[in-house]
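*Asks:* Below is the file start.csv, which contains CSV, N, CA and C atoms and all ligand atoms.
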```csv
chain,number,residue,atom,x,y,z
A,1,MET,N,9.7,40.4,12.3
A,1,MET,CA,8.9,40.9,11.2
A,1,MET,C,7.8,40.0,10.8
A,2,ASN,N,6.6,40.6,10.7
A,2,ASN,CA,5.5,39.8,10.2
A,2,ASN,C,5.6,39.5,8.7
A,3,CYS,N,5.1,38.3,8.3
A,3,CYS,CA,5.2,37.9,6.9
A,3,CYS,C,3.9,38.3,6.2
A,4,PRO,N,4.1,38.8,5.0
A,4,PRO,CA,2.9,39.1,4.2
A,4,PRO,C,2.0,37.9,3.8
A,5,THR,N,2.6,36.7,3.9
A,5,THR,CA,1.8,35.5,3.7
A,5,THR,C,0.8,35.3,4.8
A,6,GLY,N,1.0,35.8,6.0
A,6,GLY,CA,0.1,35.6,7.1
A,6,GLY,C,0.3,34.3,7.8
A,7,LYS,N,1.3,33.5,7.3
A,7,LYS,CA,1.5,32.1,7.9
A,7,LYS,C,2.2,32.2,9.2
A,8,ASN,N,2.1,31.2,10.0
A,8,ASN,CA,3.0,31.0,11.2
A,8,ASN,C,4.4,31.0,10.7
A,9,GLN,N,5.3,31.7,11.5
A,9,GLN,CA,6.7,31.7,11.2
A,9,GLN,C,7.5,30.9,12.2
A,10,TYR,N,8.5,30.2,11.6
A,10,TYR,CA,9.5,29.5,12.5
A,10,TYR,C,10.9,29.9,12.1
A,11,SER,N,11.7,30.2,13.1
A,11,SER,CA,13.0,30.8,12.9
A,11,SER,C,14.0,29.8,12.2
A,12,THR,N,13.8,28.5,12.4
A,12,THR,CA,14.8,27.6,11.8
A,12,THR,C,14.0,26.4,11.2
A,13,LYS,N,14.7,25.7,10.3
A,13,LYS,CA,14.1,24.6,9.6
A,13,LYS,C,13.7,23.5,10.6
A,14,LEU,N,14.6,23.3,11.6
A,14,LEU,CA,14.4,22.2,12.6
A,14,LEU,C,13.1,22.5,13.4
A,15,LEU,N,13.0,23.7,13.8
A,15,LEU,CA,11.8,24.1,14.5
A,15,LEU,C,10.5,23.9,13.7
A,16,ALA,N,10.6,24.3,12.4
A,16,ALA,CA,9.4,24.2,11.6
A,16,ALA,C,9.1,22.7,11.4
A,17,GLU,N,10.1,21.9,11.2
A,17,GLU,CA,9.8,20.4,11.0
A,17,GLU,C,9.2,19.8,12.3
A,18,THR,N,9.7,20.2,13.4
A,18,THR,CA,9.2,19.7,14.7
A,18,THR,C,7.8,20.1,14.9
A,19,SER,N,7.4,21.3,14.5
A,19,SER,CA,6.1,21.8,14.6
A,19,SER,C,5.2,21.1,13.6
A,20,LEU,N,5.7,20.8,12.4
A,20,LEU,CA,5.0,20.1,11.4
A,20,LEU,C,4.5,18.7,11.9
A,21,ILE,N,5.5,18.0,12.5
A,21,ILE,CA,5.2,16.7,13.0
A,21,ILE,C,4.1,16.8,14.2
A,22,ASP,N,4.3,17.8,15.0
A,22,ASP,CA,3.4,18.1,16.1
A,22,ASP,C,2.0,18.3,15.6
A,23,VAL,N,1.8,19.1,14.5
A,23,VAL,CA,0.5,19.3,14.0
A,23,VAL,C,-0.2,18.0,13.5
A,24,HIS,N,0.6,17.2,12.9
A,24,HIS,CA,0.1,15.9,12.4
A,24,HIS,C,-0.4,15.0,13.6
A,25,ILE,N,0.4,15.1,14.7
A,25,ILE,CA,0.0,14.3,15.8
A,25,ILE,C,-1.3,14.8,16.5
A,26,HIS,N,-1.3,16.1,16.7
A,26,HIS,CA,-2.3,16.7,17.5
A,26,HIS,C,-3.6,16.8,16.7
A,27,ARG,N,-3.6,16.9,15.4
A,27,ARG,CA,-4.8,17.0,14.6
A,27,ARG,C,-5.2,15.6,14.1
A,28,ASN,N,-4.4,14.6,14.4
A,28,ASN,CA,-4.7,13.3,14.0
A,28,ASN,C,-4.9,13.1,12.5
A,29,PHE,N,-4.0,13.8,11.7
A,29,PHE,CA,-4.0,13.8,10.3
A,29,PHE,C,-3.7,12.4,9.7
A,30,GLN,N,-4.4,12.0,8.6
A,30,GLN,CA,-3.9,11.0,7.7
A,30,GLN,C,-2.6,11.5,7.1
A,31,PRO,N,-1.7,10.6,6.6
A,31,PRO,CA,-0.5,11.1,6.0
A,31,PRO,C,-0.6,12.2,4.9
A,32,ASP,N,-1.6,12.1,4.1
A,32,ASP,CA,-1.7,13.0,3.0
A,32,ASP,C,-2.6,14.3,3.4
A,33,GLN,N,-3.0,14.3,4.6
A,33,GLN,CA,-3.8,15.5,5.1
A,33,GLN,C,-2.8,16.5,5.7
A,34,GLY,N,-3.3,17.8,5.6
A,34,GLY,CA,-2.5,18.8,6.3
A,34,GLY,C,-1.2,19.2,5.6
A,35,PRO,N,-0.5,20.1,6.3
A,35,PRO,CA,0.8,20.5,5.7
A,35,PRO,C,1.7,19.3,5.5
A,36,GLN,N,2.5,19.4,4.4
A,36,GLN,CA,3.4,18.2,4.0
A,36,GLN,C,4.9,18.5,4.2
A,37,ASP,N,5.2,19.8,4.2
A,37,ASP,CA,6.6,20.1,4.2
A,37,ASP,C,6.8,21.5,4.7
A,38,VAL,N,8.1,21.9,4.8
A,38,VAL,CA,8.4,23.3,5.3
A,38,VAL,C,9.2,23.9,4.2
A,39,TYR,N,9.2,25.3,4.1
A,39,TYR,CA,10.0,26.0,3.2
A,39,TYR,C,10.5,27.3,3.7
A,40,GLU,N,11.6,27.8,3.2
A,40,GLU,CA,12.2,29.0,3.6
A,40,GLU,C,11.5,30.1,2.8
A,41,CYS,N,11.0,31.1,3.5
A,41,CYS,CA,10.1,32.1,2.8
A,41,CYS,C,11.0,33.2,2.1
A,42,GLU,N,10.6,33.5,0.9
A,42,GLU,CA,11.4,34.6,0.2
A,42,GLU,C,11.1,36.0,0.7
A,43,PHE,N,10.0,36.1,1.5
A,43,PHE,CA,9.6,37.4,1.9
A,43,PHE,C,10.2,37.8,3.3
A,44,CYS,N,10.0,36.8,4.2
A,44,CYS,CA,10.5,37.1,5.6
A,44,CYS,C,11.7,36.4,6.0
A,45,GLY,N,12.2,35.4,5.2
A,45,GLY,CA,13.4,34.7,5.5
A,45,GLY,C,13.2,33.6,6.6
A,46,GLU,N,12.0,33.5,7.1
A,46,GLU,CA,11.8,32.4,8.1
A,46,GLU,C,11.1,31.2,7.4
A,47,TRP,N,10.7,30.3,8.2
A,47,TRP,CA,10.2,29.0,7.7
A,47,TRP,C,8.7,28.9,7.9
A,48,HIS,N,8.0,28.4,6.9
A,48,HIS,CA,6.6,28.1,6.9
A,48,HIS,C,6.2,26.7,6.5
A,49,PHE,N,5.0,26.3,6.8
A,49,PHE,CA,4.5,25.0,6.3
A,49,PHE,C,4.0,25.2,4.9
A,50,THR,N,4.0,24.2,4.1
A,50,THR,CA,3.4,24.1,2.8
A,50,THR,C,2.5,22.9,2.7
A,51,SER,N,1.3,23.0,2.1
A,51,SER,CA,0.4,21.9,2.0
A,51,SER,C,0.5,21.3,0.5
A,52,LYS,N,1.2,22.1,-0.3
A,52,LYS,CA,1.2,21.7,-1.8
A,52,LYS,C,2.6,21.2,-2.2
A,53,SER,N,3.4,20.7,-1.3
A,53,SER,CA,4.7,20.2,-1.7
A,53,SER,C,4.5,19.0,-2.5
A,54,PRO,N,5.3,18.9,-3.6
A,54,PRO,CA,5.3,17.6,-4.4
A,54,PRO,C,5.8,16.4,-3.6
A,55,LYS,N,6.6,16.7,-2.6
A,55,LYS,CA,7.1,15.6,-1.8
A,55,LYS,C,6.9,15.9,-0.3
A,56,ARG,N,6.8,14.8,0.5
A,56,ARG,CA,6.6,15.0,1.9
A,56,ARG,C,7.9,15.3,2.7
A,57,ASN,N,7.9,16.0,3.7
A,57,ASN,CA,9.1,16.3,4.5
A,57,ASN,C,9.7,15.0,5.0
A,58,GLU,N,11.0,14.9,4.9
A,58,GLU,CA,11.8,13.7,5.2
A,58,GLU,C,11.5,13.1,6.6
A,59,ARG,N,11.6,14.0,7.6
A,59,ARG,CA,11.3,13.6,9.0
A,59,ARG,C,9.9,13.1,9.2
A,60,LEU,N,9.0,13.8,8.6
A,60,LEU,CA,7.6,13.3,8.7
A,60,LEU,C,7.4,12.0,7.9
A,61,GLN,N,8.0,11.9,6.8
A,61,GLN,CA,7.9,10.6,6.0
A,61,GLN,C,8.4,9.4,6.8
A,62,LYS,N,9.6,9.6,7.4
A,62,LYS,CA,10.2,8.5,8.2
A,62,LYS,C,9.3,8.1,9.4
A,63,MET,N,8.6,9.1,10.0
A,63,MET,CA,7.7,8.7,11.1
A,63,MET,C,6.5,8.0,10.6
A,64,ILE,N,6.0,8.3,9.4
A,64,ILE,CA,4.9,7.6,8.9
A,64,ILE,C,5.3,6.2,8.4
A,65,ASP,N,6.4,6.1,7.7
A,65,ASP,CA,6.9,4.8,7.3
A,65,ASP,C,7.2,3.8,8.4
A,66,SER,N,7.7,4.3,9.5
A,66,SER,CA,8.1,3.5,10.6
A,66,SER,C,6.8,3.1,11.4
A,67,GLY,N,5.7,3.7,11.2
A,67,GLY,CA,4.5,3.5,12.0
A,67,GLY,C,4.4,4.3,13.3
A,68,GLU,N,5.5,5.1,13.5
A,68,GLU,CA,5.6,5.8,14.7
A,68,GLU,C,4.5,6.9,14.8
A,69,MET,N,4.2,7.5,13.7
A,69,MET,CA,3.1,8.5,13.7
A,69,MET,C,1.8,7.9,14.2
A,70,ARG,N,1.4,6.8,13.6
A,70,ARG,CA,0.1,6.2,14.0
A,70,ARG,C,0.1,5.8,15.5
A,71,ARG,N,1.3,5.2,15.9
A,71,ARG,CA,1.4,4.8,17.3
A,71,ARG,C,1.1,6.0,18.2
A,72,ILE,N,1.8,7.1,17.9
A,72,ILE,CA,1.6,8.3,18.8
A,72,ILE,C,0.2,8.8,18.7
A,73,GLN,N,-0.3,8.9,17.5
A,73,GLN,CA,-1.7,9.4,17.4
A,73,GLN,C,-2.7,8.5,18.2
A,74,GLN,N,-2.5,7.2,18.0
A,74,GLN,CA,-3.4,6.3,18.7
A,74,GLN,C,-3.3,6.4,20.2
A,75,ALA,N,-2.0,6.5,20.7
A,75,ALA,CA,-1.8,6.7,22.1
A,75,ALA,C,-2.5,7.9,22.7
A,76,ARG,N,-2.5,9.0,21.9
A,76,ARG,CA,-3.2,10.2,22.3
A,76,ARG,C,-4.7,10.0,22.3
A,77,GLU,N,-5.3,9.2,21.4
A,77,GLU,CA,-6.7,9.0,21.4
A,77,GLU,C,-7.2,8.3,22.7
A,78,TRP,N,-6.3,7.6,23.3
A,78,TRP,CA,-6.7,6.9,24.5
A,78,TRP,C,-6.5,7.7,25.8
A,79,GLU,N,-6.0,8.8,25.7
A,79,GLU,CA,-5.7,9.6,26.9
A,79,GLU,C,-7.0,10.1,27.5
A,101,ZN,ZN,7.3,34.4,5.2
```
Translate this file's structure into structure tokens.
*Replies:*
Amino acid sequence: MNCPTGKNQYSTKLLAETSLIDVHIHRNFQPDQGPQDVYECEFCGEWHFTSKSPKRNERLQKMIDSGEMRRIQQAREWE
């Protein structure tokens, strides 16, 4: 089912989180840029990104805190 929000849909939270991290890597976002978290949609029951979350997704936050996000982003810049 398509969602009336028009956002990309992910069937599970895990999948949405993995894609969230992927987007940060591939678009080379600063931590506060781009989508920050995922949420379960009240319309379609699937998962979407949100850019206006008061807090950052836990998995994304851990990758940023550990420096892993920057390392992966920088490794990609040299490809
Ligand atoms: Zn939806």
*Asks:* To one decimal place in Å, what is the distance between atom C of Asp65 of chain A and atom CA of Leu15 of chain A?
*Replies:*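 It comes out at 21.7 Å.
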*Asks:* Give me, as a ChimeraX atom specification, the set of residues whose atoms come within 12 Å of any atom of ligand ZN 101 (chain A), counting only C-alpha atoms and all ligand atoms.
*Replies:* /A:1-11,38-50
*Asks:* Write out as a ChimeraX atom specification which residues come within 9 Å of segment 16-33 of chain A when counting only C-alpha atoms, dropping same-chain ones fewer than 3 positions away.
*Replies:* /A:9-13,36-39,47-49,51,56-57,59-61,63-64,69-70,72-74,76-77
*Asks:* Quick one: pick out all helix (DSSP H, G or I) residues within chain A from a backbone DSSP run and write them as JSON, numbers by chain.
*Replies:* {"A": [13, 14, 15, 16, 17, 18, 19, 20, 21, 22, 23, 24, 25, 26, 58, 59, 60, 61, 62, 63, 64, 65, 68, 69, 70, 71, 72, 73, 74, 75, 76, 77]}
*Asks:* Given the choices A:Trp78, A:Ser66, A:Lys52, A:Arg71, which gets closest to Pro35 of chain A if the distance is worked out from only N, CA and C atoms?
*Replies:*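 Under the stated criterion, the closest residue is A:Lys52.
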*Asks:* Please return as a PyMOL selection string: the residues of chain A that backbone DSSP assigns to strand (DSSP E).
*Replies:* chain A and resi 37-40+47-50
*Asks:* Go ahead and compute the interatomic distance for atom N of Glu68 of chain A and atom N of Lys55 of chain A, in Å to one decimal.
*Replies:*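 Straight-line distance from atom N of Glu68 of chain A to atom N of Lys55 of chain A works out to 19.9 Å.
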*Asks:* Find the distance between atom C of Ser53 of chain A and atom C of Gly34 of chain A and write it in Å to one decimal.
*Replies:* 9.9 Å
